[in-house]
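To be precise, the following lines are entry.pdb, and they hold PDB, C-alpha atoms.
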```
ATOM      1  CA  MET A  84     -31.235 142.886 -18.046  1.00  0.00           C
ATOM      2  CA  ILE A  85     -31.241 141.374 -14.538  1.00  0.00           C
ATOM      3  CA  ALA A  86     -34.027 138.840 -13.946  1.00  0.00           C
ATOM      4  CA  ASP A  87     -34.676 137.535 -10.447  1.00  0.00           C
ATOM      5  CA  LEU A  88     -37.554 136.027  -8.505  1.00  0.00           C
ATOM      6  CA  ASN A  89     -36.754 138.651  -5.856  1.00  0.00           C
ATOM      7  CA  GLU A  90     -37.450 141.971  -7.560  1.00  0.00           C
ATOM      8  CA  GLU A  91     -35.621 144.024  -4.922  1.00  0.00           C
ATOM      9  CA  ASN A  92     -32.478 141.975  -5.441  1.00  0.00           C
ATOM     10  CA  ALA A  93     -32.718 142.453  -9.202  1.00  0.00           C
ATOM     11  CA  LYS A  94     -33.079 146.211  -8.703  1.00  0.00           C
ATOM     12  CA  ARG A  95     -30.018 146.336  -6.447  1.00  0.00           C
ATOM     13  CA  GLN A  96     -27.900 144.481  -8.987  1.00  0.00           C
ATOM     14  CA  ALA A  97     -29.143 146.681 -11.826  1.00  0.00           C
ATOM     15  CA  GLN A  98     -28.354 149.812  -9.830  1.00  0.00           C
ATOM     16  CA  ALA A  99     -24.833 148.555  -9.113  1.00  0.00           C
ATOM     17  CA  ILE A 100     -24.296 148.232 -12.872  1.00  0.00           C
ATOM     18  CA  ARG A 101     -25.736 151.694 -13.532  1.00  0.00           C
ATOM     19  CA  ASP A 102     -23.364 153.094 -10.909  1.00  0.00           C
ATOM     20  CA  LEU A 103     -20.557 151.933 -13.206  1.00  0.00           C
ATOM     21  CA  GLY A 104     -21.987 154.037 -16.004  1.00  0.00           C
ATOM     22  CA  ARG A 105     -23.676 151.172 -17.831  1.00  0.00           C
ATOM     23  CA  LYS A 106     -27.304 150.679 -18.821  1.00  0.00           C
ATOM     24  CA  ALA A 107     -29.140 148.057 -16.765  1.00  0.00           C
ATOM     25  CA  LEU A 108     -32.754 147.180 -16.037  1.00  0.00           C
ATOM     26  CA  ALA A 109     -34.396 144.832 -13.547  1.00  0.00           C
ATOM     27  CA  CYS A 110     -37.207 142.391 -14.251  1.00  0.00           C
ATOM     28  CA  GLN A 111     -39.032 140.218 -11.734  1.00  0.00           C
ATOM     29  CA  ALA A 112     -39.413 136.692 -13.096  1.00  0.00           C
ATOM     30  CA  ASP A 113     -39.847 133.078 -12.083  1.00  0.00           C
ATOM     31  CA  VAL A 114     -37.459 131.316 -14.452  1.00  0.00           C
ATOM     32  CA  THR A 115     -39.253 128.000 -13.993  1.00  0.00           C
ATOM     33  CA  ARG A 116     -42.118 129.495 -16.046  1.00  0.00           C
ATOM     34  CA  LYS A 117     -41.723 129.881 -19.794  1.00  0.00           C
ATOM     35  CA  ALA A 118     -44.134 132.828 -19.930  1.00  0.00           C
ATOM     36  CA  ASP A 119     -41.933 134.760 -17.481  1.00  0.00           C
ATOM     37  CA  ILE A 120     -38.793 134.022 -19.487  1.00  0.00           C
ATOM     38  CA  GLN A 121     -40.534 135.128 -22.678  1.00  0.00           C
ATOM     39  CA  ARG A 122     -41.489 138.368 -20.928  1.00  0.00           C
ATOM     40  CA  VAL A 123     -37.863 138.952 -19.933  1.00  0.00           C
ATOM     41  CA  LEU A 124     -36.780 138.394 -23.539  1.00  0.00           C
ATOM     42  CA  GLU A 125     -39.365 140.836 -24.858  1.00  0.00           C
ATOM     43  CA  ALA A 126     -38.282 143.476 -22.338  1.00  0.00           C
ATOM     44  CA  THR A 127     -34.647 142.896 -23.317  1.00  0.00           C
ATOM     45  CA  LEU A 128     -35.347 143.278 -27.025  1.00  0.00           C
ATOM     46  CA  ALA A 129     -37.467 146.373 -26.440  1.00  0.00           C
ATOM     47  CA  ASN A 130     -34.838 148.125 -24.323  1.00  0.00           C
ATOM     48  CA  PHE A 131     -31.567 146.859 -25.800  1.00  0.00           C
ATOM     49  CA  GLY A 132     -32.492 146.008 -29.378  1.00  0.00           C
ATOM     50  CA  GLY A 133     -31.156 142.446 -29.272  1.00  0.00           C
ATOM     51  CA  VAL A 134     -29.681 139.681 -27.158  1.00  0.00           C
ATOM     52  CA  GLU A 135     -26.207 138.199 -27.563  1.00  0.00           C
ATOM     53  CA  ILE A 136     -25.416 136.781 -24.116  1.00  0.00           C
ATOM     54  CA  LEU A 137     -27.457 134.654 -21.717  1.00  0.00           C
ATOM     55  CA  LEU A 138     -26.186 133.770 -18.244  1.00  0.00           C
ATOM     56  CA  ASN A 139     -28.238 131.116 -16.426  1.00  0.00           C
ATOM     57  CA  ALA A 140     -27.404 131.324 -12.727  1.00  0.00           C
ATOM     58  CA  ALA A 141     -30.541 130.271 -10.850  1.00  0.00           C
ATOM     59  CA  GLY A 142     -29.945 127.339  -8.526  1.00  0.00           C
ATOM     60  CA  ILE A 143     -31.041 125.775  -5.255  1.00  0.00           C
ATOM     61  CA  ASN A 144     -30.001 122.734  -3.238  1.00  0.00           C
ATOM     62  CA  SER A 145     -31.141 120.779  -0.214  1.00  0.00           C
ATOM     63  CA  GLY A 146     -29.672 119.468   2.989  1.00  0.00           C
ATOM     64  CA  THR A 147     -32.556 117.099   3.623  1.00  0.00           C
ATOM     65  CA  PRO A 148     -31.379 113.478   4.102  1.00  0.00           C
ATOM     66  CA  PHE A 149     -32.055 111.350   1.012  1.00  0.00           C
ATOM     67  CA  PHE A 150     -34.754 109.153   2.595  1.00  0.00           C
ATOM     68  CA  GLU A 151     -36.587 112.216   3.916  1.00  0.00           C
ATOM     69  CA  ILE A 152     -36.809 114.258   0.706  1.00  0.00           C
ATOM     70  CA  GLU A 153     -40.430 114.693  -0.315  1.00  0.00           C
ATOM     71  CA  GLU A 154     -41.666 114.880  -3.885  1.00  0.00           C
ATOM     72  CA  ALA A 155     -42.444 118.594  -3.735  1.00  0.00           C
ATOM     73  CA  GLU A 156     -38.907 119.448  -2.632  1.00  0.00           C
ATOM     74  CA  TRP A 157     -37.354 117.193  -5.267  1.00  0.00           C
ATOM     75  CA  GLN A 158     -39.561 118.677  -7.985  1.00  0.00           C
ATOM     76  CA  ARG A 159     -38.656 122.216  -6.930  1.00  0.00           C
ATOM     77  CA  ILE A 160     -34.933 121.413  -7.231  1.00  0.00           C
ATOM     78  CA  LEU A 161     -35.456 119.969 -10.718  1.00  0.00           C
ATOM     79  CA  ASP A 162     -37.568 122.948 -11.775  1.00  0.00           C
ATOM     80  CA  VAL A 163     -35.017 125.552 -10.668  1.00  0.00           C
ATOM     81  CA  ASP A 164     -31.780 123.730 -11.524  1.00  0.00           C
ATOM     82  CA  LEU A 165     -32.791 122.010 -14.780  1.00  0.00           C
ATOM     83  CA  ARG A 166     -36.138 123.190 -16.135  1.00  0.00           C
ATOM     84  CA  SER A 167     -35.124 126.863 -15.906  1.00  0.00           C
ATOM     85  CA  VAL A 168     -31.971 126.216 -17.956  1.00  0.00           C
ATOM     86  CA  PHE A 169     -33.914 124.311 -20.602  1.00  0.00           C
ATOM     87  CA  LEU A 170     -36.558 127.020 -20.926  1.00  0.00           C
ATOM     88  CA  ALA A 171     -34.125 129.949 -20.945  1.00  0.00           C
ATOM     89  CA  CYS A 172     -31.884 128.299 -23.542  1.00  0.00           C
ATOM     90  CA  GLN A 173     -34.911 127.521 -25.675  1.00  0.00           C
ATOM     91  CA  VAL A 174     -36.400 131.024 -25.540  1.00  0.00           C
ATOM     92  CA  PHE A 175     -33.211 133.093 -25.686  1.00  0.00           C
ATOM     93  CA  GLY A 176     -31.382 130.620 -27.930  1.00  0.00           C
ATOM     94  CA  LYS A 177     -34.116 130.890 -30.556  1.00  0.00           C
ATOM     95  CA  ALA A 178     -33.856 134.692 -30.447  1.00  0.00           C
ATOM     96  CA  MET A 179     -30.103 134.429 -31.013  1.00  0.00           C
ATOM     97  CA  VAL A 180     -30.591 132.034 -33.923  1.00  0.00           C
ATOM     98  CA  ASP A 181     -33.367 134.102 -35.491  1.00  0.00           C
ATOM     99  CA  SER A 182     -31.234 137.254 -35.326  1.00  0.00           C
ATOM    100  CA  GLY A 183     -28.605 135.619 -37.539  1.00  0.00           C
ATOM    101  CA  LYS A 184     -25.883 136.876 -35.195  1.00  0.00           C
ATOM    102  CA  GLY A 185     -25.724 133.965 -32.762  1.00  0.00           C
ATOM    103  CA  GLY A 186     -24.548 134.531 -29.221  1.00  0.00           C
ATOM    104  CA  SER A 187     -23.128 132.962 -26.089  1.00  0.00           C
ATOM    105  CA  ILE A 188     -25.091 130.965 -23.512  1.00  0.00           C
ATOM    106  CA  ILE A 189     -23.332 130.409 -20.196  1.00  0.00           C
ATOM    107  CA  ASN A 190     -24.805 127.989 -17.660  1.00  0.00           C
ATOM    108  CA  ILE A 191     -23.554 128.245 -14.081  1.00  0.00           C
ATOM    109  CA  SER A 192     -23.792 124.756 -12.601  1.00  0.00           C
ATOM    110  CA  SER A 193     -22.886 122.770  -9.530  1.00  0.00           C
ATOM    111  CA  ALA A 194     -19.326 121.591  -8.947  1.00  0.00           C
ATOM    112  CA  SER A 195     -20.889 118.108  -8.751  1.00  0.00           C
ATOM    113  CA  SER A 196     -22.437 118.316 -12.218  1.00  0.00           C
ATOM    114  CA  ASP A 197     -19.599 116.530 -14.010  1.00  0.00           C
ATOM    115  CA  PRO A 198     -20.829 113.436 -15.933  1.00  0.00           C
ATOM    116  CA  ARG A 199     -19.037 111.243 -13.394  1.00  0.00           C
ATOM    117  CA  TYR A 200     -21.653 112.222 -10.848  1.00  0.00           C
ATOM    118  CA  PRO A 201     -25.393 111.499 -10.871  1.00  0.00           C
ATOM    119  CA  ARG A 202     -26.378 115.181 -10.735  1.00  0.00           C
ATOM    120  CA  CYS A 203     -25.200 115.782 -14.296  1.00  0.00           C
ATOM    121  CA  SER A 204     -28.378 116.582 -16.194  1.00  0.00           C
ATOM    122  CA  PRO A 205     -27.656 120.271 -17.009  1.00  0.00           C
ATOM    123  CA  ILE A 206     -24.272 119.456 -18.546  1.00  0.00           C
ATOM    124  CA  ARG A 207     -25.538 116.429 -20.459  1.00  0.00           C
ATOM    125  CA  TRP A 208     -28.414 118.537 -21.771  1.00  0.00           C
ATOM    126  CA  ARG A 209     -25.977 121.281 -22.788  1.00  0.00           C
ATOM    127  CA  ARG A 210     -23.922 118.779 -24.782  1.00  0.00           C
ATOM    128  CA  ALA A 211     -27.021 117.415 -26.496  1.00  0.00           C
ATOM    129  CA  ARG A 212     -28.278 120.870 -27.448  1.00  0.00           C
ATOM    130  CA  GLN A 213     -24.939 122.216 -28.627  1.00  0.00           C
ATOM    131  CA  SER A 214     -25.321 120.426 -31.965  1.00  0.00           C
ATOM    132  CA  ASP A 215     -28.608 122.296 -32.509  1.00  0.00           C
ATOM    133  CA  HIS A 216     -27.085 125.703 -31.849  1.00  0.00           C
ATOM    134  CA  GLN A 217     -23.587 125.539 -33.320  1.00  0.00           C
ATOM    135  CA  VAL A 218     -24.661 125.832 -36.966  1.00  0.00           C
ATOM    136  CA  SER A 219     -26.244 129.207 -36.164  1.00  0.00           C
ATOM    137  CA  GLY A 220     -23.275 130.612 -34.276  1.00  0.00           C
ATOM    138  CA  ALA A 221     -24.847 130.307 -30.826  1.00  0.00           C
ATOM    139  CA  ARG A 222     -22.343 128.896 -28.338  1.00  0.00           C
ATOM    140  CA  ILE A 223     -23.220 127.003 -25.134  1.00  0.00           C
ATOM    141  CA  CYS A 224     -20.792 126.377 -22.272  1.00  0.00           C
ATOM    142  CA  SER A 225     -21.032 125.407 -18.616  1.00  0.00           C
ATOM    143  CA  VAL A 226     -19.192 126.824 -15.605  1.00  0.00           C
ATOM    144  CA  PRO A 227     -19.325 124.465 -12.609  1.00  0.00           C
ATOM    145  CA  GLY A 228     -18.296 126.322  -9.468  1.00  0.00           C
ATOM    146  CA  ALA A 229     -17.917 125.681  -5.757  1.00  0.00           C
ATOM    147  CA  GLY A 230     -18.591 128.754  -3.676  1.00  0.00           C
ATOM    148  CA  GLU A 231     -20.753 130.372  -1.067  1.00  0.00           C
ATOM    149  CA  CYS A 232     -23.740 129.893  -3.352  1.00  0.00           C
ATOM    150  CA  TYR A 233     -23.583 126.186  -2.417  1.00  0.00           C
ATOM    151  CA  SER A 234     -23.068 126.782   1.300  1.00  0.00           C
ATOM    152  CA  ALA A 235     -25.329 126.354   4.281  1.00  0.00           C
ATOM    153  CA  ARG A 236     -27.716 129.151   3.337  1.00  0.00           C
ATOM    154  CA  PHE A 237     -28.892 127.014   0.411  1.00  0.00           C
ATOM    155  CA  LEU A 238     -28.256 123.560   1.792  1.00  0.00           C
ATOM    156  CA  SER A 239     -30.286 124.300   4.900  1.00  0.00           C
ATOM    157  CA  ARG A 240     -33.318 125.534   2.986  1.00  0.00           C
ATOM    158  CA  GLY A 241     -36.195 123.197   3.811  1.00  0.00           C
ATOM    159  CA  ALA A 242     -33.980 120.779   5.739  1.00  0.00           C
ATOM    160  CA  LYS A 243     -34.285 119.734   9.335  1.00  0.00           C
ATOM    161  CA  PRO A 244     -31.882 121.727  11.572  1.00  0.00           C
ATOM    162  CA  GLN A 245     -29.677 118.745  12.464  1.00  0.00           C
ATOM    163  CA  ALA A 246     -29.370 117.616   8.840  1.00  0.00           C
ATOM    164  CA  ALA A 247     -28.600 121.138   7.633  1.00  0.00           C
ATOM    165  CA  HIS A 248     -25.904 121.538  10.281  1.00  0.00           C
ATOM    166  CA  ARG A 249     -24.234 118.235   9.372  1.00  0.00           C
ATOM    167  CA  ARG A 250     -24.307 119.002   5.641  1.00  0.00           C
ATOM    168  CA  ALA A 251     -23.015 122.555   6.051  1.00  0.00           C
ATOM    169  CA  ARG A 252     -20.215 121.390   8.355  1.00  0.00           C
ATOM    170  CA  GLY A 253     -19.173 118.759   5.815  1.00  0.00           C
ATOM    171  CA  ILE A 254     -19.164 121.219   2.927  1.00  0.00           C
ATOM    172  CA  HIS A 255     -17.100 123.808   4.752  1.00  0.00           C
ATOM    173  CA  HIS A 256     -14.461 121.219   5.646  1.00  0.00           C
ATOM    174  CA  GLU A 257     -14.206 119.772   2.153  1.00  0.00           C
ATOM    175  CA  PRO A 258     -10.447 119.547   1.408  1.00  0.00           C
ATOM    176  CA  HIS A 259     -10.374 121.638  -1.765  1.00  0.00           C
ATOM    177  CA  ALA A 260      -7.070 121.631  -3.558  1.00  0.00           C
ATOM    178  CA  HIS A 261      -6.365 125.342  -3.207  1.00  0.00           C
ATOM    179  CA  ALA A 262      -8.821 126.950  -0.820  1.00  0.00           C
ATOM    180  CA  PRO A 263     -12.141 126.596   0.998  1.00  0.00           C
ATOM    181  CA  LEU A 264     -15.361 127.747  -0.616  1.00  0.00           C
ATOM    182  CA  ARG A 265     -15.074 131.132  -2.305  1.00  0.00           C
ATOM    183  CA  ALA A 266     -17.475 133.930  -3.164  1.00  0.00           C
ATOM    184  CA  PRO A 267     -19.587 133.731  -6.358  1.00  0.00           C
ATOM    185  CA  SER A 268     -17.438 136.581  -7.722  1.00  0.00           C
ATOM    186  CA  GLU A 269     -14.784 133.933  -8.495  1.00  0.00           C
ATOM    187  CA  LEU A 270     -16.948 132.961 -11.491  1.00  0.00           C
ATOM    188  CA  ILE A 271     -16.798 136.407 -13.111  1.00  0.00           C
ATOM    189  CA  GLY A 272     -13.567 135.844 -15.053  1.00  0.00           C
ATOM    190  CA  ALA A 273     -14.775 132.621 -16.655  1.00  0.00           C
ATOM    191  CA  ALA A 274     -18.140 134.160 -17.532  1.00  0.00           C
ATOM    192  CA  VAL A 275     -16.555 137.229 -19.149  1.00  0.00           C
ATOM    193  CA  TYR A 276     -14.191 135.005 -21.121  1.00  0.00           C
ATOM    194  CA  LEU A 277     -17.039 132.866 -22.466  1.00  0.00           C
ATOM    195  CA  ALA A 278     -19.174 135.918 -23.233  1.00  0.00           C
ATOM    196  CA  SER A 279     -16.451 137.515 -25.368  1.00  0.00           C
ATOM    197  CA  ASP A 280     -16.385 136.698 -29.074  1.00  0.00           C
ATOM    198  CA  LYS A 281     -12.829 137.973 -29.307  1.00  0.00           C
ATOM    199  CA  ALA A 282     -11.604 135.676 -26.527  1.00  0.00           C
ATOM    200  CA  SER A 283     -13.740 132.557 -27.031  1.00  0.00           C
ATOM    201  CA  SER A 284     -15.441 132.563 -30.440  1.00  0.00           C
ATOM    202  CA  PHE A 285     -14.174 129.011 -31.059  1.00  0.00           C
ATOM    203  CA  VAL A 286     -15.042 127.750 -27.557  1.00  0.00           C
ATOM    204  CA  THR A 287     -18.351 125.918 -27.355  1.00  0.00           C
ATOM    205  CA  GLY A 288     -19.730 122.781 -25.770  1.00  0.00           C
ATOM    206  CA  SER A 289     -17.049 123.188 -23.108  1.00  0.00           C
ATOM    207  CA  ILE A 290     -16.930 122.903 -19.327  1.00  0.00           C
ATOM    208  CA  VAL A 291     -14.867 125.604 -17.628  1.00  0.00           C
ATOM    209  CA  ARG A 292     -14.465 124.564 -13.990  1.00  0.00           C
ATOM    210  CA  VAL A 293     -13.974 127.186 -11.285  1.00  0.00           C
ATOM    211  CA  ASP A 294     -14.064 124.970  -8.223  1.00  0.00           C
ATOM    212  CA  GLY A 295     -10.725 125.101  -6.410  1.00  0.00           C
ATOM    213  CA  GLY A 296      -9.865 121.610  -7.594  1.00  0.00           C
ATOM    214  CA  PHE A 297     -13.110 120.032  -6.350  1.00  0.00           C
ATOM    215  CA  GLY A 298     -13.701 118.249  -9.658  1.00  0.00           C
ATOM    216  CA  ALA A 299     -10.237 116.722  -9.617  1.00  0.00           C
ATOM    217  CA  MET A 300     -10.856 114.903  -6.348  1.00  0.00           C
ATOM    218  CA  THR A 301     -12.239 111.393  -5.911  1.00  0.00           C
ATOM    219  CA  ILE A 302     -15.559 111.515  -4.068  1.00  0.00           C
TER
END
```

Could the structure of this file be written out as structure tokens, please?
Amino acid sequence: MIADLNEENAKRQAQAIRDLGRKALACQADVTRKADIQRVLEATLANFGGVEILLNAAGINSGTPFFEIEEAEWQRILDVDLRSVFLACQVFGKAMVDSGKGGSIINISSASSDPRYPRCSPIRWRRARQSDHQVSGARICSVPGAGECYSARFLSRGAKPQAAHRRARGIHHEPHAHAPLRAPSELIGAAVYLASDKASSFVTGSIVRVDGGFGAMTI
């Protein structure tokens, strides 16, 4: 089940999966709203009979200078980057627990979401909630990544042109250990690993970084 605020994008992704010979459906949803997430769960259960894997990948950012960020923009970032993860884990996590089979919850997060940095709420929340889920077999892990999904097309959203340009230029010249920013597809291997019971049944509460060495640098 592919859920996206942009229904056309969800349909394209679902079709790409079907082209591989797999079953896939699209569902338009605003993941900052619990009712929408509940609707996605119900559609998933109705069409697939159960849910064993949840991948939270919604995220936005801002290139607006700190002293110019308005409350509405700040609240939107919190709603998409944090509230959506909380709600999805709550709704889908409960379904996993109630099924008696458990499952794997994978949260894609920012490369700056390590506890050393102030933007760490999703990972801290994941660690706090892991104790609630582990007794039922539901695993929760985080995959911080640095890629095109954090590039200018997100950082410039809602920002003044000059600020967006400065921020994007800084990001693209960040001296990553191995390479500049990569495509989101770099996260696939880590996500598949964490989704597999055979490969990672004893891996939970963990952070699997896919960031080209970003997290190892001093900022």

Task: Distance query 6 Å from (-22.6, 131.7, -30.6) using all atoms listed in the file, result as number ranges by chain - done: A: 185-187, 220-222

TODO: Name the closest residue to Val180 in chain A among the candidates A:Leu124, A:Val293, A:Val134, A:Ala112; distances are taken between atoms, counting all atoms listed in the file.
DONE: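 Closest candidate: A:Val134.
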
Open item on the list: Quick one: residues within 9 Å of range 168-178 of chain A, only C-alpha atoms, excluding same-chain residues fewer than 5 positions away - as number ranges by chain?
Closed with: A: 114-117, 120-121, 124, 133-137, 139-141, 162-163, 183, 185-188, 190, 205, 208-209, 216, 221, 223

Task: Output check: residues returned by the PyMOL selection byres ((chain A and resi 275-283) around 8), as a ChimeraX atom specification - done: /A:136,187-189,224,271-274,284-286

Task: Straight-line distance linking CA of Asp87 in chain A with CA of Gly146 in chain A, stated in Å to one decimal - done: 23.1 Å

Task: Interatomic distance, CA of Arg101 in chain A to CA of Phe131 in chain A (Å, one decimal) - done: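 Distance between the two atoms: 14.4 Å.
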
Open item on the list: Taking the file as I've supplied it (selection: the PyMOL selection byres ((chain A and resi 85) around 12)), which residues are included? Please answer as a PyMOL selection string.
Closed with: chain A and resi 84+86-101+106-112+114+120+123-124+126-127+137-141

- [ ] Grab the CA of Met300 in chain A to CA of Gly228 in chain A distance for me, in Å with one decimal place.
- [x]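 Between these atoms lies a distance of 14.0 Å.
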
- [ ] Name the residues within 8 Å of (-20.6, 124.8, -14.8), counting all atoms listed in the file in the file's coordinates, and put them as a list in words.
- [x] Asn190, Ile191, Ser192, Ser193, Ala194, Ser196, Ile206, Cys224, Ser225, Val226, Pro227, Gly228, Ile290, Val291, Arg292 and Val293 of chain A

Where is the centre and how long are the edges: axis-aligned box on range 119-137 of chain A, 3 Å on each side, Å to one decimal, as lines of an AutoDock Vina configuration file:
```
center_x = -33.7
center_y = 141.1
center_z = -23.4
size_x = 22.5
size_y = 20.1
size_z = 17.9
```
